[in-house]
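Okay, so here's the structure we're looking at.
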Protein chains: 2
Amino acid sequence: MQSGEVRQIIDEANRSFGAAVARKDYAALAALYTEDARLLPPDAPIVSGRKAIEGFWRSAADALGLTNVTLKTVDLEVNGDTANEIGEADLKLTSGQAKAKYLVVWRRERDGQWRLHRDIWNNMPST
Amino acid sequence: MQSGEVRQIIDEANRSFGAAVARKDYAALAALYTEDARLLPPDAPIVSGRKAIEGFWRSAADALGLTNVTLKTVDLEVNGDTANEIGEADLKLTSGQAKAKYLVVWRRERDGQWRLHRDIWNNMPST
């Protein structure tokens with residue numbers, strides 16, 4: 001698979017991510033992750049598995065008043081059926097805007113779909 | 001290459017990481033990273049390239065009074081010449097102990113060495 005092709009698929013998945021957050025569809029959001037994905041949110045323990053990830057996003061979005069996420073890929077490297085992506089996230093929260101950066105390891109699964117497999121982020125410096 | 005073999009190599013590299021921090025040898029620390037590695041430290045912009053990474057670690061260790069880091073692998077997946085590692089870091093700082101978790105993408109380079117290629121971390125919940 002060409003890198004450019006994977007890039008397009010991941011761009012599309014990132015738009016689906018934002019759309020799922022906007023309509024508070026956490027099952028659809030969790031379906032973008034692999035079954036055995038792991039999430040490493042700041043100031044929280046590691047979240048393991050799609051079901052736990054769905055619960056995490058539901059609680060976190062609710063607690064923060066997260067209404068929108070826009071993901072922008074800064075760097076993408078594809079190696080066979082895995083890819084690592086560095087990106088920036090713009091978040092709309094009740095408290096205002098926030099900016100984060102992230103590293104996601106993507107995995108292409110047997111069904112041919114690319115899904116988030118490892119996902120960690122932290123804050124950009126406050127401006 | 002067997003996963004177990006890569007695990008041993010990465011364990012060893014993680015011990016070298018801790019040893020370099022303990023003796024404040026930031027050139028040796030930076031040499032554990034690929035030439036085009038990227039570091040995503042919390043509350044800071046992305047740091048690109050080995051030279052910038054050396055500078056980051058020197059300043060950050062100095063600012064925080066970082067004297068020791070112990071890295072412990074929680075999960076390691078190997079895919080050809082790349083691997084992704086989730087781990088926990090115990091830090092000794094002037095202000096006391098701190099605990100972080102991290103995601104590192106490792107790359108095996110042409111010289112056969114495995115090096116940190118993408119490195120991001122954030123805090124564990126305070127206890």
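So you can find residues: chains in the structure tokens are A, B, ... in the order shown, residues in each start at 1, and ligands are numbered from 1 in order.
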
DSSP helix (DSSP H, G or I) residues within chain A, listed as a PyMOL selection string
chain A and resi 3-22+26-30+50-64

Taking only C-alpha atoms into account, report as a list in words which residues of chain B lie within 7 Å of chain A.
Pro42, Asp43, Ala44, Pro45, Asn122, Asn123, Met124 and Pro125 of chain B

Contacts of Leu93 of chain B at 7 Å or less, counting only C-alpha atoms, minus same-chain residues fewer than 6 places along, as a ChimeraX atom specification?
/B:64-67

Create the file for the chosen residues now, containing C-alpha atoms and written as a PDB file, in the first residue's frame.
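The resulting file, selection_28.pdb, is reproduced below:
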ATOM      1  CA  LEU B  64      13.648  19.904  37.044  1.00  0.00           C
ATOM      2  CA  GLY B  65      16.664  18.631  38.934  1.00  0.00           C
ATOM      3  CA  LEU B  66      16.231  15.247  37.240  1.00  0.00           C
ATOM      4  CA  THR B  67      18.824  12.853  38.659  1.00  0.00           C
TER       5      THR B  67
END

Output the coordinates of chain A after least-squares fitting to chain B on all in-order C-alpha pairs, as a JSON list (two decimals) with N, CA and C atoms, in the first residue's frame.
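The resulting selection.json:
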[["chain", "number", "residue", "atom", "x", "y", "z"],
["A", 1, "MET", "N", 13.79, -11.15, 13.14],
["A", 1, "MET", "CA", 14.23, -11.03, 14.54],
["A", 1, "MET", "C", 13.08, -11.40, 15.47],
["A", 2, "GLN", "N", 13.37, -12.22, 16.45],
["A", 2, "GLN", "CA", 12.35, -12.66, 17.41],
["A", 2, "GLN", "C", 11.96, -11.50, 18.33],
["A", 3, "SER", "N", 10.69, -11.48, 18.71],
["A", 3, "SER", "CA", 10.19, -10.45, 19.63],
["A", 3, "SER", "C", 10.96, -10.44, 20.94],
["A", 4, "GLY", "N", 11.26, -11.64, 21.45],
["A", 4, "GLY", "CA", 11.97, -11.74, 22.73],
["A", 4, "GLY", "C", 13.35, -11.13, 22.66],
["A", 5, "GLU", "N", 13.97, -11.31, 21.50],
["A", 5, "GLU", "CA", 15.31, -10.76, 21.27],
["A", 5, "GLU", "C", 15.24, -9.22, 21.25],
["A", 6, "VAL", "N", 14.24, -8.68, 20.55],
["A", 6, "VAL", "CA", 14.06, -7.22, 20.49],
["A", 6, "VAL", "C", 13.77, -6.69, 21.89],
["A", 7, "ARG", "N", 12.97, -7.43, 22.62],
["A", 7, "ARG", "CA", 12.64, -7.04, 23.99],
["A", 7, "ARG", "C", 13.92, -6.87, 24.83],
["A", 8, "GLN", "N", 14.84, -7.81, 24.70],
["A", 8, "GLN", "CA", 16.11, -7.74, 25.45],
["A", 8, "GLN", "C", 16.92, -6.52, 25.04],
["A", 9, "ILE", "N", 16.97, -6.26, 23.73],
["A", 9, "ILE", "CA", 17.73, -5.11, 23.22],
["A", 9, "ILE", "C", 17.14, -3.80, 23.74],
["A", 10, "ILE", "N", 15.81, -3.74, 23.76],
["A", 10, "ILE", "CA", 15.14, -2.52, 24.21],
["A", 10, "ILE", "C", 15.28, -2.36, 25.73],
["A", 11, "ASP", "N", 15.21, -3.46, 26.46],
["A", 11, "ASP", "CA", 15.48, -3.40, 27.91],
["A", 11, "ASP", "C", 16.86, -2.80, 28.16],
["A", 12, "GLU", "N", 17.82, -3.27, 27.39],
["A", 12, "GLU", "CA", 19.21, -2.81, 27.54],
["A", 12, "GLU", "C", 19.31, -1.32, 27.18],
["A", 13, "ALA", "N", 18.66, -0.91, 26.10],
["A", 13, "ALA", "CA", 18.68, 0.51, 25.70],
["A", 13, "ALA", "C", 18.02, 1.37, 26.79],
["A", 14, "ASN", "N", 16.96, 0.84, 27.40],
["A", 14, "ASN", "CA", 16.29, 1.60, 28.46],
["A", 14, "ASN", "C", 17.18, 1.74, 29.70],
["A", 15, "ARG", "N", 17.99, 0.71, 29.97],
["A", 15, "ARG", "CA", 18.95, 0.83, 31.08],
["A", 15, "ARG", "C", 20.02, 1.87, 30.73],
["A", 16, "SER", "N", 20.46, 1.87, 29.46],
["A", 16, "SER", "CA", 21.45, 2.88, 29.02],
["A", 16, "SER", "C", 20.87, 4.29, 29.15],
["A", 17, "PHE", "N", 19.59, 4.41, 28.86],
["A", 17, "PHE", "CA", 18.89, 5.70, 29.00],
["A", 17, "PHE", "C", 19.01, 6.20, 30.44],
["A", 18, "GLY", "N", 18.64, 5.34, 31.37],
["A", 18, "GLY", "CA", 18.72, 5.70, 32.79],
["A", 18, "GLY", "C", 20.13, 6.03, 33.23],
["A", 19, "ALA", "N", 21.10, 5.25, 32.74],
["A", 19, "ALA", "CA", 22.50, 5.45, 33.11],
["A", 19, "ALA", "C", 23.01, 6.80, 32.59],
["A", 20, "ALA", "N", 22.61, 7.16, 31.36],
["A", 20, "ALA", "CA", 23.05, 8.42, 30.76],
["A", 20, "ALA", "C", 22.47, 9.61, 31.55],
["A", 21, "VAL", "N", 21.21, 9.50, 31.96],
["A", 21, "VAL", "CA", 20.60, 10.56, 32.77],
["A", 21, "VAL", "C", 21.35, 10.67, 34.10],
["A", 22, "ALA", "N", 21.64, 9.53, 34.72],
["A", 22, "ALA", "CA", 22.28, 9.54, 36.05],
["A", 22, "ALA", "C", 23.66, 10.22, 36.00],
["A", 23, "ARG", "N", 24.38, 10.03, 34.89],
["A", 23, "ARG", "CA", 25.70, 10.67, 34.82],
["A", 23, "ARG", "C", 25.68, 11.96, 33.99],
["A", 24, "LYS", "N", 24.48, 12.46, 33.71],
["A", 24, "LYS", "CA", 24.28, 13.73, 33.00],
["A", 24, "LYS", "C", 25.02, 13.77, 31.67],
["A", 25, "ASP", "N", 25.02, 12.63, 30.98],
["A", 25, "ASP", "CA", 25.69, 12.53, 29.68],
["A", 25, "ASP", "C", 24.63, 12.63, 28.58],
["A", 26, "TYR", "N", 24.32, 13.88, 28.21],
["A", 26, "TYR", "CA", 23.20, 14.10, 27.29],
["A", 26, "TYR", "C", 23.54, 13.77, 25.85],
["A", 27, "ALA", "N", 24.83, 13.76, 25.52],
["A", 27, "ALA", "CA", 25.23, 13.30, 24.18],
["A", 27, "ALA", "C", 24.97, 11.80, 24.06],
["A", 28, "ALA", "N", 25.32, 11.05, 25.09],
["A", 28, "ALA", "CA", 25.05, 9.60, 25.09],
["A", 28, "ALA", "C", 23.55, 9.33, 25.08],
["A", 29, "LEU", "N", 22.81, 10.15, 25.81],
["A", 29, "LEU", "CA", 21.35, 10.01, 25.84],
["A", 29, "LEU", "C", 20.78, 10.24, 24.43],
["A", 30, "ALA", "N", 21.23, 11.32, 23.79],
["A", 30, "ALA", "CA", 20.73, 11.67, 22.46],
["A", 30, "ALA", "C", 21.11, 10.60, 21.43],
["A", 31, "ALA", "N", 22.26, 9.94, 21.64],
["A", 31, "ALA", "CA", 22.71, 8.90, 20.70],
["A", 31, "ALA", "C", 21.81, 7.66, 20.73],
["A", 32, "LEU", "N", 20.94, 7.57, 21.73],
["A", 32, "LEU", "CA", 19.98, 6.46, 21.78],
["A", 32, "LEU", "C", 18.80, 6.71, 20.84],
["A", 33, "TYR", "N", 18.68, 7.97, 20.36],
["A", 33, "TYR", "CA", 17.61, 8.36, 19.44],
["A", 33, "TYR", "C", 18.10, 8.31, 18.00],
["A", 34, "THR", "N", 17.20, 8.12, 17.06],
["A", 34, "THR", "CA", 17.54, 8.23, 15.64],
["A", 34, "THR", "C", 17.88, 9.70, 15.33],
["A", 35, "GLU", "N", 18.61, 9.91, 14.23],
["A", 35, "GLU", "CA", 19.00, 11.26, 13.80],
["A", 35, "GLU", "C", 17.77, 12.14, 13.58],
["A", 36, "ASP", "N", 16.70, 11.55, 13.07],
["A", 36, "ASP", "CA", 15.49, 12.32, 12.76],
["A", 36, "ASP", "C", 14.33, 12.01, 13.73],
["A", 37, "ALA", "N", 14.72, 11.69, 14.96],
["A", 37, "ALA", "CA", 13.72, 11.39, 16.00],
["A", 37, "ALA", "C", 12.89, 12.62, 16.35],
["A", 38, "ARG", "N", 11.73, 12.38, 16.92],
["A", 38, "ARG", "CA", 10.91, 13.47, 17.43],
["A", 38, "ARG", "C", 10.44, 13.15, 18.84],
["A", 39, "LEU", "N", 10.48, 14.19, 19.65],
["A", 39, "LEU", "CA", 10.13, 14.10, 21.06],
["A", 39, "LEU", "C", 8.91, 15.00, 21.27],
["A", 40, "LEU", "N", 7.92, 14.51, 22.02],
["A", 40, "LEU", "CA", 6.72, 15.32, 22.28],
["A", 40, "LEU", "C", 6.56, 15.50, 23.79],
["A", 41, "PRO", "N", 7.28, 16.44, 24.38],
["A", 41, "PRO", "CA", 7.21, 16.61, 25.83],
["A", 41, "PRO", "C", 5.94, 17.38, 26.22],
["A", 42, "PRO", "N", 5.37, 17.09, 27.38],
["A", 42, "PRO", "CA", 4.18, 17.81, 27.84],
["A", 42, "PRO", "C", 4.45, 19.31, 27.92],
["A", 43, "ASP", "N", 3.45, 20.11, 27.57],
["A", 43, "ASP", "CA", 3.51, 21.57, 27.73],
["A", 43, "ASP", "C", 4.68, 22.20, 26.99],
["A", 44, "ALA", "N", 5.09, 21.61, 25.90],
["A", 44, "ALA", "CA", 6.21, 22.11, 25.10],
["A", 44, "ALA", "C", 5.93, 21.78, 23.64],
["A", 45, "PRO", "N", 6.57, 22.50, 22.72],
["A", 45, "PRO", "CA", 6.39, 22.15, 21.30],
["A", 45, "PRO", "C", 7.12, 20.84, 20.97],
["A", 46, "ILE", "N", 6.90, 20.34, 19.77],
["A", 46, "ILE", "CA", 7.58, 19.13, 19.29],
["A", 46, "ILE", "C", 9.07, 19.44, 19.10],
["A", 47, "VAL", "N", 9.93, 18.52, 19.55],
["A", 47, "VAL", "CA", 11.38, 18.66, 19.44],
["A", 47, "VAL", "C", 11.85, 17.71, 18.33],
["A", 48, "SER", "N", 12.47, 18.26, 17.28],
["A", 48, "SER", "CA", 12.82, 17.45, 16.11],
["A", 48, "SER", "C", 14.32, 17.34, 15.92],
["A", 49, "GLY", "N", 14.82, 16.10, 15.82],
["A", 49, "GLY", "CA", 16.22, 15.86, 15.52],
["A", 49, "GLY", "C", 17.06, 15.62, 16.77],
["A", 50, "ARG", "N", 18.10, 14.82, 16.60],
["A", 50, "ARG", "CA", 18.92, 14.36, 17.72],
["A", 50, "ARG", "C", 19.57, 15.52, 18.48],
["A", 51, "LYS", "N", 20.04, 16.53, 17.72],
["A", 51, "LYS", "CA", 20.74, 17.65, 18.36],
["A", 51, "LYS", "C", 19.78, 18.44, 19.26],
["A", 52, "ALA", "N", 18.59, 18.71, 18.74],
["A", 52, "ALA", "CA", 17.59, 19.44, 19.52],
["A", 52, "ALA", "C", 17.15, 18.61, 20.74],
["A", 53, "ILE", "N", 17.10, 17.29, 20.57],
["A", 53, "ILE", "CA", 16.71, 16.40, 21.67],
["A", 53, "ILE", "C", 17.76, 16.45, 22.77],
["A", 54, "GLU", "N", 19.03, 16.45, 22.38],
["A", 54, "GLU", "CA", 20.10, 16.58, 23.38],
["A", 54, "GLU", "C", 19.93, 17.88, 24.18],
["A", 55, "GLY", "N", 19.68, 18.98, 23.46],
["A", 55, "GLY", "CA", 19.48, 20.27, 24.13],
["A", 55, "GLY", "C", 18.26, 20.25, 25.04],
["A", 56, "PHE", "N", 17.19, 19.62, 24.56],
["A", 56, "PHE", "CA", 15.98, 19.54, 25.39],
["A", 56, "PHE", "C", 16.27, 18.82, 26.70],
["A", 57, "TRP", "N", 16.91, 17.66, 26.63],
["A", 57, "TRP", "CA", 17.14, 16.87, 27.85],
["A", 57, "TRP", "C", 18.08, 17.58, 28.81],
["A", 58, "ARG", "N", 19.09, 18.26, 28.24],
["A", 58, "ARG", "CA", 20.02, 19.00, 29.11],
["A", 58, "ARG", "C", 19.26, 20.08, 29.89],
["A", 59, "SER", "N", 18.47, 20.89, 29.17],
["A", 59, "SER", "CA", 17.71, 21.97, 29.83],
["A", 59, "SER", "C", 16.66, 21.44, 30.79],
["A", 60, "ALA", "N", 15.93, 20.43, 30.34],
["A", 60, "ALA", "CA", 14.82, 19.91, 31.15],
["A", 60, "ALA", "C", 15.35, 19.26, 32.42],
["A", 61, "ALA", "N", 16.41, 18.48, 32.30],
["A", 61, "ALA", "CA", 16.98, 17.79, 33.47],
["A", 61, "ALA", "C", 17.49, 18.82, 34.46],
["A", 62, "ASP", "N", 18.11, 19.85, 33.93],
["A", 62, "ASP", "CA", 18.63, 20.93, 34.77],
["A", 62, "ASP", "C", 17.49, 21.68, 35.46],
["A", 63, "ALA", "N", 16.47, 22.05, 34.69],
["A", 63, "ALA", "CA", 15.35, 22.83, 35.23],
["A", 63, "ALA", "C", 14.59, 22.05, 36.31],
["A", 64, "LEU", "N", 14.45, 20.73, 36.10],
["A", 64, "LEU", "CA", 13.65, 19.91, 37.03],
["A", 64, "LEU", "C", 14.50, 19.29, 38.13],
["A", 65, "GLY", "N", 15.81, 19.36, 37.97],
["A", 65, "GLY", "CA", 16.66, 18.63, 38.90],
["A", 65, "GLY", "C", 16.47, 17.13, 38.77],
["A", 66, "LEU", "N", 16.41, 16.68, 37.51],
["A", 66, "LEU", "CA", 16.22, 15.25, 37.23],
["A", 66, "LEU", "C", 17.54, 14.51, 37.44],
["A", 67, "THR", "N", 17.56, 13.57, 38.37],
["A", 67, "THR", "CA", 18.82, 12.84, 38.65],
["A", 67, "THR", "C", 18.74, 11.37, 38.28],
["A", 68, "ASN", "N", 17.52, 10.83, 38.18],
["A", 68, "ASN", "CA", 17.38, 9.41, 37.85],
["A", 68, "ASN", "C", 16.08, 9.14, 37.12],
["A", 69, "VAL", "N", 16.16, 8.26, 36.13],
["A", 69, "VAL", "CA", 14.96, 7.77, 35.43],
["A", 69, "VAL", "C", 15.04, 6.25, 35.38],
["A", 70, "THR", "N", 13.97, 5.60, 35.75],
["A", 70, "THR", "CA", 13.89, 4.14, 35.55],
["A", 70, "THR", "C", 12.72, 3.85, 34.63],
["A", 71, "LEU", "N", 13.01, 3.19, 33.52],
["A", 71, "LEU", "CA", 11.98, 2.89, 32.51],
["A", 71, "LEU", "C", 11.58, 1.43, 32.63],
["A", 72, "LYS", "N", 10.29, 1.18, 32.58],
["A", 72, "LYS", "CA", 9.79, -0.20, 32.68],
["A", 72, "LYS", "C", 8.78, -0.46, 31.56],
["A", 73, "THR", "N", 9.10, -1.40, 30.70],
["A", 73, "THR", "CA", 8.22, -1.74, 29.58],
["A", 73, "THR", "C", 6.95, -2.43, 30.09],
["A", 74, "VAL", "N", 5.80, -1.94, 29.65],
["A", 74, "VAL", "CA", 4.52, -2.54, 30.01],
["A", 74, "VAL", "C", 4.01, -3.40, 28.86],
["A", 75, "ASP", "N", 4.33, -2.99, 27.64],
["A", 75, "ASP", "CA", 3.82, -3.67, 26.46],
["A", 75, "ASP", "C", 4.75, -3.36, 25.30],
["A", 76, "LEU", "N", 5.08, -4.38, 24.52],
["A", 76, "LEU", "CA", 5.97, -4.17, 23.37],
["A", 76, "LEU", "C", 5.45, -4.97, 22.19],
["A", 77, "GLU", "N", 5.30, -4.28, 21.06],
["A", 77, "GLU", "CA", 4.90, -4.96, 19.82],
["A", 77, "GLU", "C", 5.95, -4.69, 18.76],
["A", 78, "VAL", "N", 6.44, -5.75, 18.15],
["A", 78, "VAL", "CA", 7.49, -5.63, 17.14],
["A", 78, "VAL", "C", 6.88, -5.91, 15.77],
["A", 79, "ASN", "N", 7.17, -5.02, 14.80],
["A", 79, "ASN", "CA", 6.72, -5.21, 13.41],
["A", 79, "ASN", "C", 7.89, -4.94, 12.49],
["A", 80, "GLY", "N", 8.63, -5.99, 12.15],
["A", 80, "GLY", "CA", 9.79, -5.81, 11.28],
["A", 80, "GLY", "C", 10.82, -4.91, 11.93],
["A", 81, "ASP", "N", 11.12, -3.80, 11.27],
["A", 81, "ASP", "CA", 12.16, -2.90, 11.77],
["A", 81, "ASP", "C", 11.61, -1.78, 12.65],
["A", 82, "THR", "N", 10.34, -1.88, 13.04],
["A", 82, "THR", "CA", 9.83, -0.91, 14.01],
["A", 82, "THR", "C", 9.18, -1.67, 15.16],
["A", 83, "ALA", "N", 9.07, -0.99, 16.28],
["A", 83, "ALA", "CA", 8.41, -1.58, 17.44],
["A", 83, "ALA", "C", 7.75, -0.45, 18.19],
["A", 84, "ASN", "N", 6.60, -0.73, 18.81],
["A", 84, "ASN", "CA", 6.05, 0.29, 19.69],
["A", 84, "ASN", "C", 6.00, -0.24, 21.11],
["A", 85, "GLU", "N", 6.42, 0.61, 22.02],
["A", 85, "GLU", "CA", 6.56, 0.24, 23.43],
["A", 85, "GLU", "C", 5.73, 1.19, 24.29],
["A", 86, "ILE", "N", 4.90, 0.61, 25.15],
["A", 86, "ILE", "CA", 4.26, 1.39, 26.21],
["A", 86, "ILE", "C", 5.04, 1.10, 27.48],
["A", 87, "GLY", "N", 5.33, 2.13, 28.25],
["A", 87, "GLY", "CA", 6.07, 1.90, 29.48],
["A", 87, "GLY", "C", 5.73, 2.90, 30.56],
["A", 88, "GLU", "N", 6.30, 2.64, 31.72],
["A", 88, "GLU", "CA", 6.16, 3.56, 32.84],
["A", 88, "GLU", "C", 7.54, 4.04, 33.25],
["A", 89, "ALA", "N", 7.63, 5.32, 33.63],
["A", 89, "ALA", "CA", 8.89, 5.92, 34.03],
["A", 89, "ALA", "C", 8.79, 6.41, 35.47],
["A", 90, "ASP", "N", 9.78, 6.02, 36.27],
["A", 90, "ASP", "CA", 9.91, 6.58, 37.62],
["A", 90, "ASP", "C", 11.02, 7.61, 37.58],
["A", 91, "LEU", "N", 10.71, 8.82, 38.02],
["A", 91, "LEU", "CA", 11.66, 9.93, 37.94],
["A", 91, "LEU", "C", 12.01, 10.41, 39.34],
["A", 92, "LYS", "N", 13.29, 10.70, 39.53],
["A", 92, "LYS", "CA", 13.71, 11.39, 40.76],
["A", 92, "LYS", "C", 14.03, 12.82, 40.41],
["A", 93, "LEU", "N", 13.28, 13.74, 41.03],
["A", 93, "LEU", "CA", 13.44, 15.17, 40.77],
["A", 93, "LEU", "C", 13.80, 15.87, 42.08],
["A", 94, "THR", "N", 14.28, 17.10, 41.96],
["A", 94, "THR", "CA", 14.54, 17.89, 43.16],
["A", 94, "THR", "C", 13.29, 17.95, 44.04],
["A", 95, "SER", "N", 12.12, 18.08, 43.36],
["A", 95, "SER", "CA", 10.86, 18.24, 44.09],
["A", 95, "SER", "C", 10.32, 16.91, 44.63],
["A", 96, "GLY", "N", 11.00, 15.79, 44.36],
["A", 96, "GLY", "CA", 10.54, 14.50, 44.84],
["A", 96, "GLY", "C", 10.41, 13.49, 43.72],
["A", 97, "GLN", "N", 9.57, 12.47, 43.91],
["A", 97, "GLN", "CA", 9.37, 11.44, 42.91],
["A", 97, "GLN", "C", 8.25, 11.84, 41.95],
["A", 98, "ALA", "N", 8.33, 11.39, 40.72],
["A", 98, "ALA", "CA", 7.21, 11.56, 39.79],
["A", 98, "ALA", "C", 7.07, 10.29, 38.97],
["A", 99, "LYS", "N", 5.87, 10.06, 38.48],
["A", 99, "LYS", "CA", 5.59, 8.87, 37.68],
["A", 99, "LYS", "C", 4.97, 9.30, 36.36],
["A", 100, "ALA", "N", 5.52, 8.80, 35.26],
["A", 100, "ALA", "CA", 4.96, 9.11, 33.95],
["A", 100, "ALA", "C", 4.71, 7.81, 33.20],
["A", 101, "LYS", "N", 3.93, 7.90, 32.15],
["A", 101, "LYS", "CA", 3.79, 6.76, 31.22],
["A", 101, "LYS", "C", 4.16, 7.27, 29.84],
["A", 102, "TYR", "N", 4.58, 6.36, 28.97],
["A", 102, "TYR", "CA", 5.07, 6.81, 27.68],
["A", 102, "TYR", "C", 4.74, 5.84, 26.56],
["A", 103, "LEU", "N", 4.81, 6.36, 25.34],
["A", 103, "LEU", "CA", 4.74, 5.54, 24.13],
["A", 103, "LEU", "C", 5.98, 5.89, 23.31],
["A", 104, "VAL", "N", 6.76, 4.87, 22.99],
["A", 104, "VAL", "CA", 7.94, 5.06, 22.16],
["A", 104, "VAL", "C", 7.84, 4.18, 20.92],
["A", 105, "VAL", "N", 8.07, 4.79, 19.75],
["A", 105, "VAL", "CA", 8.24, 4.00, 18.53],
["A", 105, "VAL", "C", 9.74, 3.84, 18.32],
["A", 106, "TRP", "N", 10.18, 2.59, 18.30],
["A", 106, "TRP", "CA", 11.58, 2.26, 18.07],
["A", 106, "TRP", "C", 11.79, 1.93, 16.60],
["A", 107, "ARG", "N", 12.99, 2.24, 16.11],
["A", 107, "ARG", "CA", 13.31, 1.87, 14.73],
["A", 107, "ARG", "C", 14.66, 1.18, 14.69],
["A", 108, "ARG", "N", 14.74, 0.06, 13.97],
["A", 108, "ARG", "CA", 16.03, -0.57, 13.75],
["A", 108, "ARG", "C", 16.66, 0.07, 12.53],
["A", 109, "GLU", "N", 17.85, 0.61, 12.71],
["A", 109, "GLU", "CA", 18.49, 1.35, 11.63],
["A", 109, "GLU", "C", 19.45, 0.47, 10.84],
["A", 110, "ARG", "N", 20.04, 1.07, 9.81],
["A", 110, "ARG", "CA", 20.91, 0.30, 8.90],
["A", 110, "ARG", "C", 22.08, -0.36, 9.60],
["A", 111, "ASP", "N", 22.55, 0.30, 10.67],
["A", 111, "ASP", "CA", 23.68, -0.27, 11.43],
["A", 111, "ASP", "C", 23.22, -1.40, 12.36],
["A", 112, "GLY", "N", 21.92, -1.74, 12.31],
["A", 112, "GLY", "CA", 21.41, -2.84, 13.12],
["A", 112, "GLY", "C", 20.96, -2.43, 14.51],
["A", 113, "GLN", "N", 21.24, -1.17, 14.89],
["A", 113, "GLN", "CA", 20.87, -0.68, 16.22],
["A", 113, "GLN", "C", 19.39, -0.28, 16.27],
["A", 114, "TRP", "N", 18.76, -0.62, 17.38],
["A", 114, "TRP", "CA", 17.41, -0.12, 17.64],
["A", 114, "TRP", "C", 17.53, 1.20, 18.39],
["A", 115, "ARG", "N", 16.83, 2.23, 17.88],
["A", 115, "ARG", "CA", 16.87, 3.53, 18.54],
["A", 115, "ARG", "C", 15.47, 4.11, 18.73],
["A", 116, "LEU", "N", 15.33, 4.98, 19.71],
["A", 116, "LEU", "CA", 14.05, 5.68, 19.92],
["A", 116, "LEU", "C", 13.83, 6.62, 18.74],
["A", 117, "HIS", "N", 12.64, 6.54, 18.15],
["A", 117, "HIS", "CA", 12.36, 7.32, 16.95],
["A", 117, "HIS", "C", 11.22, 8.32, 17.19],
["A", 118, "ARG", "N", 10.27, 7.93, 18.00],
["A", 118, "ARG", "CA", 9.18, 8.81, 18.43],
["A", 118, "ARG", "C", 9.02, 8.59, 19.92],
["A", 119, "ASP", "N", 8.92, 9.66, 20.69],
["A", 119, "ASP", "CA", 8.90, 9.53, 22.15],
["A", 119, "ASP", "C", 7.95, 10.57, 22.74],
["A", 120, "ILE", "N", 6.91, 10.11, 23.41],
["A", 120, "ILE", "CA", 5.94, 11.03, 24.03],
["A", 120, "ILE", "C", 5.54, 10.47, 25.38],
["A", 121, "TRP", "N", 5.28, 11.34, 26.32],
["A", 121, "TRP", "CA", 4.87, 10.90, 27.66],
["A", 121, "TRP", "C", 3.92, 11.90, 28.29],
["A", 122, "ASN", "N", 3.28, 11.46, 29.36],
["A", 122, "ASN", "CA", 2.46, 12.35, 30.18],
["A", 122, "ASN", "C", 2.44, 11.79, 31.59],
["A", 123, "ASN", "N", 1.83, 12.53, 32.49],
["A", 123, "ASN", "CA", 1.83, 12.12, 33.90],
["A", 123, "ASN", "C", 0.86, 10.99, 34.20],
["A", 124, "MET", "N", 1.25, 10.17, 35.16],
["A", 124, "MET", "CA", 0.30, 9.26, 35.78],
["A", 124, "MET", "C", -0.54, 10.10, 36.74],
["A", 125, "PRO", "N", -1.72, 9.60, 37.17],
["A", 125, "PRO", "CA", -2.50, 10.38, 38.15],
["A", 125, "PRO", "C", -1.68, 10.52, 39.43],
["A", 126, "SER", "N", -1.77, 11.66, 40.06],
["A", 126, "SER", "CA", -1.06, 11.84, 41.33],
["A", 126, "SER", "C", -1.78, 11.03, 42.41],
["A", 127, "THR", "N", -0.99, 10.46, 43.29],
["A", 127, "THR", "CA", -1.58, 9.55, 44.29],
["A", 127, "THR", "C", -1.67, 10.24, 45.66]]

Can you list, as number ranges by chain, every residue of segment 15-108 of chain A that DSSP puts in strand (DSSP E or B)?
A: 33-40, 47-48, 68-79, 82-93, 96-108
